[in-house]
Amino acid sequence: MSRDIKDFVLSCPVCAQNKPSNRQPAGLLQPLPVPERPWSHIALDFVTGPPSSSGMTTILTIVDRFSKACHLIPLRKLPSALQTAQLLVKHVFRLHGIPHDILSDRGPQFTSRVWKEFASALGARYTLTSGYHPQTNGQTERMNQELESALRCLTSTNPSDWSQYLPWIEYAHNSHVSTATGISPFEASLGYQPPLFPSEEKQIAVPSVHHHIHRCRQFWTQTNQALLRTAEQNHRFADCRRTPAPQYHPGQRVWLSTRDLPARTSRRKLAPRYTGPYEIISVISPTTVRLRLPSHSRVHPSFHVSQIKPVLSSPLCPLAEPPPPSQDHQGRKILRILDSRRRGKGFQSTGMAKIPRTGHGFPVPLSLTSLSSLPSC
C-alpha cells in the first residue's frame with residue numbers, strides 16, 4: 001500500500017507541475033577549458049539600463065579568460081551582429097590577435113547567421129551559454145557586478161557621468177591582483193605591471209628582449225598553473241551544493257521550470273512551477289539538453305539540467321491527454337485582415353487586427369485579435 005501511494009504521488013502530474021523542488025540543483029559543475037595564453041579565450045556580455053551619458057546607454061564588456069583583463073566599451077545602443085563583429089576587430093583583434101574561442105550568451109547578436117559566418121571566417125569557435133543559465137558565462141557576469149559597483153560609487157552624485165569613468169575603471173581592474181591567478185591582468189598579459197609613478201620605472205626595466213620574453217613565459221606558466229588550481233577548487237566547492245543529474249536520453253519526456261520563462265500572466269504567485277511535459281530532442285552535453293518546444297515558443301530550446309526534471313509515470317496515475325485545441329479557431333477560418341493598429345509605446349507596442357471570422361458557413365461579427373495569437377497560414 002505504501003509503495004503504491006508513493007508511486008502515485010511521484011507520478012501525479014498536478015503535483016509535478018505545482019510543487020517546488022526542495023532538493024539541491026541537479027548537474028555537477030563542468031568547468032570551461034583553461035586557456036594557455038592571453039586573449040585566446042574571450043567572453044562577451046552587454047550591460048544595459050544605465051542612464052544616458054553623453055549619448056551612451058550600453059556597455060560592451062570583453063574579458064580575457066586567461067589574464068582576467070577586460071575592455072569596457074561604451075555604446076549608444078545594443079549593436080547588431082555586424083556591429084558587434086566590427087567592435088571586436090577594433091578593440092580586440094587589432095591589439096591581441098584573433099582568439100581561439102568566443103563565449104557569449106544567446107542574445108540575438110550571437111545567434112544570428114552573420115555572427116556564425118564571422119566566427120567561421122576567422123577560424124574561431126563560438127560558444128553559447130544554455131538558456132537562462134548565466135553561470136556558464138560567469139566571468140563577464142562577475143565583471144559586470146564589479147563594474148556596476150564601481151560606477152555606483154563614482155557617480156552617486158551625478159549618474160549621467162558614468163561614461164567618463166569607464167577608462168579608469170578598466171585601468172583599475174587590469175592593475176588589481178586577481179585571486180584566480182595571483183597576479184594582475186597586466187602582468188599576466190604584458191609580463192609587467194605598468195608603473196604608476198616614475199620612481200617605479202627601474203623595477204620593470206629589462207636588460208634585453210630575450211629576458212623580457214623569458215619573463216613573460218614564466219608569468220604564463222605561473223598563471224596557467226594558478227588557473228588549474230582555482231578551477232579544481234571551484235569544482236570541489238560547487239559540487240558540494242549540487243547533485244548529479246539523471247541520465248537523460250533523446251525521446252525522454254521532462255518537466256521544464258517556469259522560473260525564468262516569460263510570464264503568461266502578470267500574477268505569478270499561484271502560477272505552476274513547471275510546464276510540459278516536453279520531449280528531449282538531443283543531449284548536447286552532460287549538463288545541457290535540447291527540448292522540443294511548441295512552434296509558437298519564443299525561447300531557445302537548450303536548457304541546463306537544473307531547469308528540468310524527468311516525468312515519472314505509473315499505471316496508477318497515467319498522464320492526462322493534451323488539451324483540445326482552442327474553440328476560438330476550431331472550425332473557423334480567417335478570411336483577411338481588414339485593418340490594424342499599434343498598442344503601447346515604442347518597441348513594446350502590440351499589433352492588433354480586425355478580422356472577419358466564418359462559423360458554420362456564414363460570417364460572424366468582426367473581432368479585435370492580437371496578431372501574435374493568429375494561427376499561421
# chains A, B, ... in the order shown; residues from 1 in each chain; ligands from 1
call {"tool": "residues_around", "arguments": {"residues": "segment 78-93 of chain A", "least_positions_apart": "2", "cutoff": "12 Å", "atoms": "only C-alpha atoms", "output": "MDAnalysis selection string"}}
result
chainID A and resid 38:49 56:64 69:76 95:100 102 104 106:119 121:122 124
call {"tool": "residues_around", "arguments": {"residues": "segment 186-196 of chain A", "least_positions_apart": "4", "cutoff": "6 Å", "atoms": "only C-alpha atoms", "output": "PyMOL selection string"}}
result
chain A and resi 38+67+174+200+216+219
call {"tool": "residues_around", "arguments": {"residues": "Arg268 of chain A", "least_positions_apart": "5", "cutoff": "12 Å", "atoms": "only C-alpha atoms", "output": "ChimeraX atom specification"}}
result
/A:18,258-263,273
call {"tool": "write_last_selection", "arguments": {"atoms": "C-alpha atoms", "output": "compact mmCIF listing (two decimals), in the first residue's frame"}}
result
# COMPACT_ATOMS: atom_id res chain seq x y z
CA ASN A 18 2.82 22.87 -8.99
CA THR A 258 8.85 28.22 -15.38
CA ARG A 259 11.06 30.29 -13.09
CA ASP A 260 12.82 32.14 -15.93
CA LEU A 261 10.30 31.69 -18.74
CA PRO A 262 8.26 34.69 -19.95
CA ALA A 263 5.17 35.01 -17.80
CA ARG A 273 6.26 25.90 -11.11
call {"tool": "closest_residue", "arguments": {"among": "A:Ser282, A:Ser53, A:Gln30, A:Ser306", "to": "Thr243 of chain A", "atoms": "only C-alpha atoms"}}
result
A:Ser306
call {"tool": "residues_around", "arguments": {"residues": "Val34 of chain A", "least_positions_apart": "6", "cutoff": "12 Å", "atoms": "only C-alpha atoms", "output": "PyMOL selection string"}}
result
chain A and resi 40-42+64-67+101+180-181+223-232
call {"tool": "select_by_dssp", "arguments": {"residues": "segment 126-330 of chain A", "states": "helix (DSSP H, G or I)", "output": "short mmCIF file (atom, residue, chain, number, x, y, z; two decimals) with C-alpha atoms, in the first residue's frame"}}
result
data_model
loop_
_atom_site.label_atom_id
_atom_site.label_comp_id
_atom_site.auth_asym_id
_atom_site.auth_seq_id
_atom_site.Cartn_x
_atom_site.Cartn_y
_atom_site.Cartn_z
CA PRO A 134 24.24 32.79 -16.85
CA GLN A 135 26.67 30.81 -14.67
CA THR A 136 28.18 29.47 -17.90
CA ASN A 137 29.44 32.98 -18.65
CA GLY A 138 30.28 33.72 -15.04
CA GLN A 139 33.48 35.57 -15.91
CA THR A 140 31.70 38.50 -17.54
CA GLU A 141 28.80 38.34 -15.08
CA ARG A 142 31.27 38.85 -12.24
CA MET A 143 32.97 41.63 -14.20
CA ASN A 144 29.61 43.34 -14.70
CA GLN A 145 28.95 43.23 -10.95
CA GLU A 146 32.34 44.82 -10.27
CA LEU A 147 31.71 47.44 -12.97
CA GLU A 148 28.28 48.40 -11.65
CA SER A 149 29.56 48.65 -8.07
CA ALA A 150 32.39 50.96 -9.14
CA LEU A 151 30.04 53.14 -11.17
CA ARG A 152 27.66 53.48 -8.23
CA CYS A 153 30.49 54.70 -6.02
CA LEU A 154 31.92 57.12 -8.60
CA PRO A 159 24.87 59.14 -12.50
CA SER A 160 24.86 60.60 -16.02
CA ASP A 161 28.67 60.99 -15.91
CA TRP A 162 29.42 57.25 -15.85
CA SER A 163 30.93 57.13 -19.38
CA GLN A 164 33.90 59.32 -18.41
CA TYR A 165 34.89 56.91 -15.64
CA LEU A 166 35.00 53.76 -17.77
CA PRO A 167 38.69 54.10 -18.79
CA TRP A 168 39.73 54.49 -15.15
CA ILE A 169 37.65 51.51 -14.03
CA GLU A 170 39.22 49.42 -16.79
CA TYR A 171 42.72 50.55 -15.74
CA ALA A 172 42.00 49.86 -12.07
CA HIS A 173 40.69 46.37 -12.82
CA ASN A 174 43.64 45.46 -15.03
CA SER A 175 46.07 46.71 -12.35
CA PRO A 185 45.89 41.13 -15.57
CA PHE A 186 48.62 43.50 -16.79
CA GLU A 187 51.34 41.15 -15.50
CA ALA A 188 49.63 38.06 -16.93
CA SER A 189 49.16 39.58 -20.39
CA LEU A 190 52.07 42.03 -20.74
CA PRO A 198 58.20 57.48 -12.32
CA SER A 199 60.21 56.01 -9.45
CA GLU A 200 58.91 52.53 -10.33
CA GLU A 201 60.42 52.50 -13.82
CA LYS A 202 63.60 50.79 -12.63
CA GLN A 203 61.62 47.85 -11.18
CA ILE A 204 60.25 46.81 -14.57
CA VAL A 209 64.27 41.45 -25.36
CA HIS A 210 65.09 37.80 -24.69
CA HIS A 211 64.96 38.45 -20.96
CA HIS A 212 61.50 40.01 -21.34
CA ILE A 213 60.25 37.06 -23.40
CA HIS A 214 61.56 34.66 -20.78
CA ARG A 215 59.82 36.62 -18.04
CA CYS A 216 56.53 36.61 -20.00
CA ARG A 217 56.70 32.84 -20.40
CA GLN A 218 57.27 32.47 -16.67
CA PHE A 219 54.18 34.58 -16.00
CA TRP A 220 52.13 32.49 -18.44
CA THR A 221 53.23 29.23 -16.83
CA GLN A 222 52.50 30.61 -13.38
CA THR A 223 49.09 31.88 -14.48
CA ASN A 224 48.12 28.59 -16.14
CA GLN A 225 49.01 26.59 -13.04
CA ALA A 226 47.09 29.00 -10.82
CA LEU A 227 44.01 28.76 -13.07
CA LEU A 228 44.13 24.96 -12.93
CA ARG A 229 44.23 25.05 -9.12
CA THR A 230 41.40 27.58 -8.99
CA ALA A 231 39.27 25.52 -11.38
CA GLU A 232 39.77 22.39 -9.28
CA GLN A 233 38.91 24.30 -6.11
CA ASN A 234 35.76 25.78 -7.64
CA HIS A 235 34.78 22.36 -8.96
CA ARG A 236 35.04 20.86 -5.49
CA PHE A 237 33.15 23.66 -3.74
CA ALA A 238 30.36 23.82 -6.34
CA ASP A 239 29.70 20.08 -6.32
CA VAL A 305 19.67 20.14 -16.42
CA SER A 306 18.97 22.15 -13.27
CA GLN A 307 15.88 23.58 -15.01
#
call {"tool": "select_by_dssp", "arguments": {"residues": "segment 125-217 of chain A", "states": "strand (DSSP E or B)", "output": "PyMOL selection string"}}
result
chain A and resi 125-128+131
call {"tool": "atom_distance", "arguments": {"atom1": "atom CA of Val9 of chain A", "atom2": "atom CA of Thr287 of chain A"}}
result
26.9 Å
call {"tool": "atom_distance", "arguments": {"atom1": "atom CA of Phe303 of chain A", "atom2": "atom CA of Pro25 of chain A"}}
result
13.5 Å
call {"tool": "atom_distance", "arguments": {"atom1": "atom CA of Ser302 of chain A", "atom2": "atom CA of Leu32 of chain A"}}
result
17.8 Å
call {"tool": "residues_around", "arguments": {"residues": "Gly251 of chain A", "least_positions_apart": "2", "cutoff": "9 Å", "atoms": "only C-alpha atoms", "output": "MDAnalysis selection string"}}
result
chainID A and resid 248:249 253 279:282
call {"tool": "write_last_selection", "arguments": {"atoms": "all heavy atoms", "output": "PDB file, in the first residue's frame"}}
result
ATOM      1  N   TYR A 248      19.799  11.567 -18.923  1.00  0.00           N
ATOM      2  CA  TYR A 248      18.746  11.828 -19.901  1.00  0.00           C
ATOM      3  C   TYR A 248      19.132  11.234 -21.252  1.00  0.00           C
ATOM      4  O   TYR A 248      20.318  11.068 -21.565  1.00  0.00           O
ATOM      5  CB  TYR A 248      18.507  13.329 -20.041  1.00  0.00           C
ATOM      6  CG  TYR A 248      17.942  13.968 -18.794  1.00  0.00           C
ATOM      7  CD1 TYR A 248      18.740  14.778 -17.977  1.00  0.00           C
ATOM      8  CD2 TYR A 248      16.620  13.767 -18.423  1.00  0.00           C
ATOM      9  CE1 TYR A 248      18.216  15.366 -16.832  1.00  0.00           C
ATOM     10  CE2 TYR A 248      16.087  14.355 -17.285  1.00  0.00           C
ATOM     11  CZ  TYR A 248      16.898  15.150 -16.497  1.00  0.00           C
ATOM     12  OH  TYR A 248      16.373  15.728 -15.359  1.00  0.00           O
ATOM     13  N   HIS A 249      18.111  10.956 -22.059  1.00  0.00           N
ATOM     14  CA  HIS A 249      18.340  10.394 -23.394  1.00  0.00           C
ATOM     15  C   HIS A 249      17.285  10.953 -24.346  1.00  0.00           C
ATOM     16  O   HIS A 249      16.188  11.356 -23.912  1.00  0.00           O
ATOM     17  CB  HIS A 249      18.272   8.870 -23.356  1.00  0.00           C
ATOM     18  CG  HIS A 249      16.988   8.328 -22.787  1.00  0.00           C
ATOM     19  ND1 HIS A 249      15.825   8.190 -23.521  1.00  0.00           N
ATOM     20  CD2 HIS A 249      16.683   7.914 -21.527  1.00  0.00           C
ATOM     21  CE1 HIS A 249      14.870   7.715 -22.765  1.00  0.00           C
ATOM     22  NE2 HIS A 249      15.344   7.527 -21.539  1.00  0.00           N
ATOM     23  N   ARG A 253      10.718  12.329 -21.802  1.00  0.00           N
ATOM     24  CA  ARG A 253       9.874  13.480 -21.506  1.00  0.00           C
ATOM     25  C   ARG A 253      10.272  14.069 -20.155  1.00  0.00           C
ATOM     26  O   ARG A 253      10.540  13.319 -19.200  1.00  0.00           O
ATOM     27  CB  ARG A 253       8.404  13.104 -21.532  1.00  0.00           C
ATOM     28  CG  ARG A 253       7.899  12.715 -22.917  1.00  0.00           C
ATOM     29  CD  ARG A 253       6.396  12.715 -22.974  1.00  0.00           C
ATOM     30  NE  ARG A 253       5.806  11.763 -22.028  1.00  0.00           N
ATOM     31  CZ  ARG A 253       4.496  11.662 -21.805  1.00  0.00           C
ATOM     32  NH1 ARG A 253       3.657  12.463 -22.444  1.00  0.00           N
ATOM     33  NH2 ARG A 253       4.034  10.777 -20.946  1.00  0.00           N
ATOM     34  N   GLU A 279       9.508  16.763 -24.889  1.00  0.00           N
ATOM     35  CA  GLU A 279      10.395  15.671 -25.304  1.00  0.00           C
ATOM     36  C   GLU A 279      11.811  16.189 -25.515  1.00  0.00           C
ATOM     37  O   GLU A 279      12.024  17.285 -26.037  1.00  0.00           O
ATOM     38  CB  GLU A 279       9.871  15.053 -26.601  1.00  0.00           C
ATOM     39  CG  GLU A 279      10.742  13.927 -27.139  1.00  0.00           C
ATOM     40  CD  GLU A 279      10.272  13.443 -28.491  1.00  0.00           C
ATOM     41  OE1 GLU A 279       9.205  13.919 -28.946  1.00  0.00           O
ATOM     42  OE2 GLU A 279      10.964  12.608 -29.109  1.00  0.00           O
ATOM     43  N   ILE A 280      12.788  15.397 -25.096  1.00  0.00           N
ATOM     44  CA  ILE A 280      14.197  15.734 -25.313  1.00  0.00           C
ATOM     45  C   ILE A 280      14.577  15.346 -26.749  1.00  0.00           C
ATOM     46  O   ILE A 280      14.450  14.184 -27.141  1.00  0.00           O
ATOM     47  CB  ILE A 280      15.101  15.007 -24.311  1.00  0.00           C
ATOM     48  CG1 ILE A 280      14.807  15.491 -22.888  1.00  0.00           C
ATOM     49  CG2 ILE A 280      16.573  15.225 -24.649  1.00  0.00           C
ATOM     50  CD1 ILE A 280      15.645  14.809 -21.826  1.00  0.00           C
ATOM     51  N   ILE A 281      15.034  16.333 -27.511  1.00  0.00           N
ATOM     52  CA  ILE A 281      15.471  16.067 -28.884  1.00  0.00           C
ATOM     53  C   ILE A 281      16.878  15.496 -28.896  1.00  0.00           C
ATOM     54  O   ILE A 281      17.166  14.512 -29.587  1.00  0.00           O
ATOM     55  CB  ILE A 281      15.405  17.354 -29.730  1.00  0.00           C
ATOM     56  CG1 ILE A 281      13.977  17.889 -29.772  1.00  0.00           C
ATOM     57  CG2 ILE A 281      15.926  17.091 -31.140  1.00  0.00           C
ATOM     58  CD1 ILE A 281      13.861  19.193 -30.540  1.00  0.00           C
ATOM     59  N   SER A 282      17.786  16.121 -28.146  1.00  0.00           N
ATOM     60  CA  SER A 282      19.170  15.670 -28.116  1.00  0.00           C
ATOM     61  C   SER A 282      19.794  16.074 -26.792  1.00  0.00           C
ATOM     62  O   SER A 282      19.337  17.010 -26.125  1.00  0.00           O
ATOM     63  CB  SER A 282      19.975  16.264 -29.284  1.00  0.00           C
ATOM     64  OG  SER A 282      19.991  17.687 -29.207  1.00  0.00           O
TER      65      SER A 282
END
call {"tool": "closest_residue", "arguments": {"among": "A:Asn158, A:Ser314, A:Thr275, A:Thr288", "to": "Pro246 of chain A", "atoms": "only C-alpha atoms"}}
result
A:Thr288
call {"tool": "residues_around", "arguments": {"residues": "Trp255 of chain A", "least_positions_apart": "2", "cutoff": "6 Å", "atoms": "only C-alpha atoms", "output": "list of chain:residue names"}}
result
A:Tyr274, A:Thr275, A:Gly276, A:Pro277, A:Ile308, A:Lys309
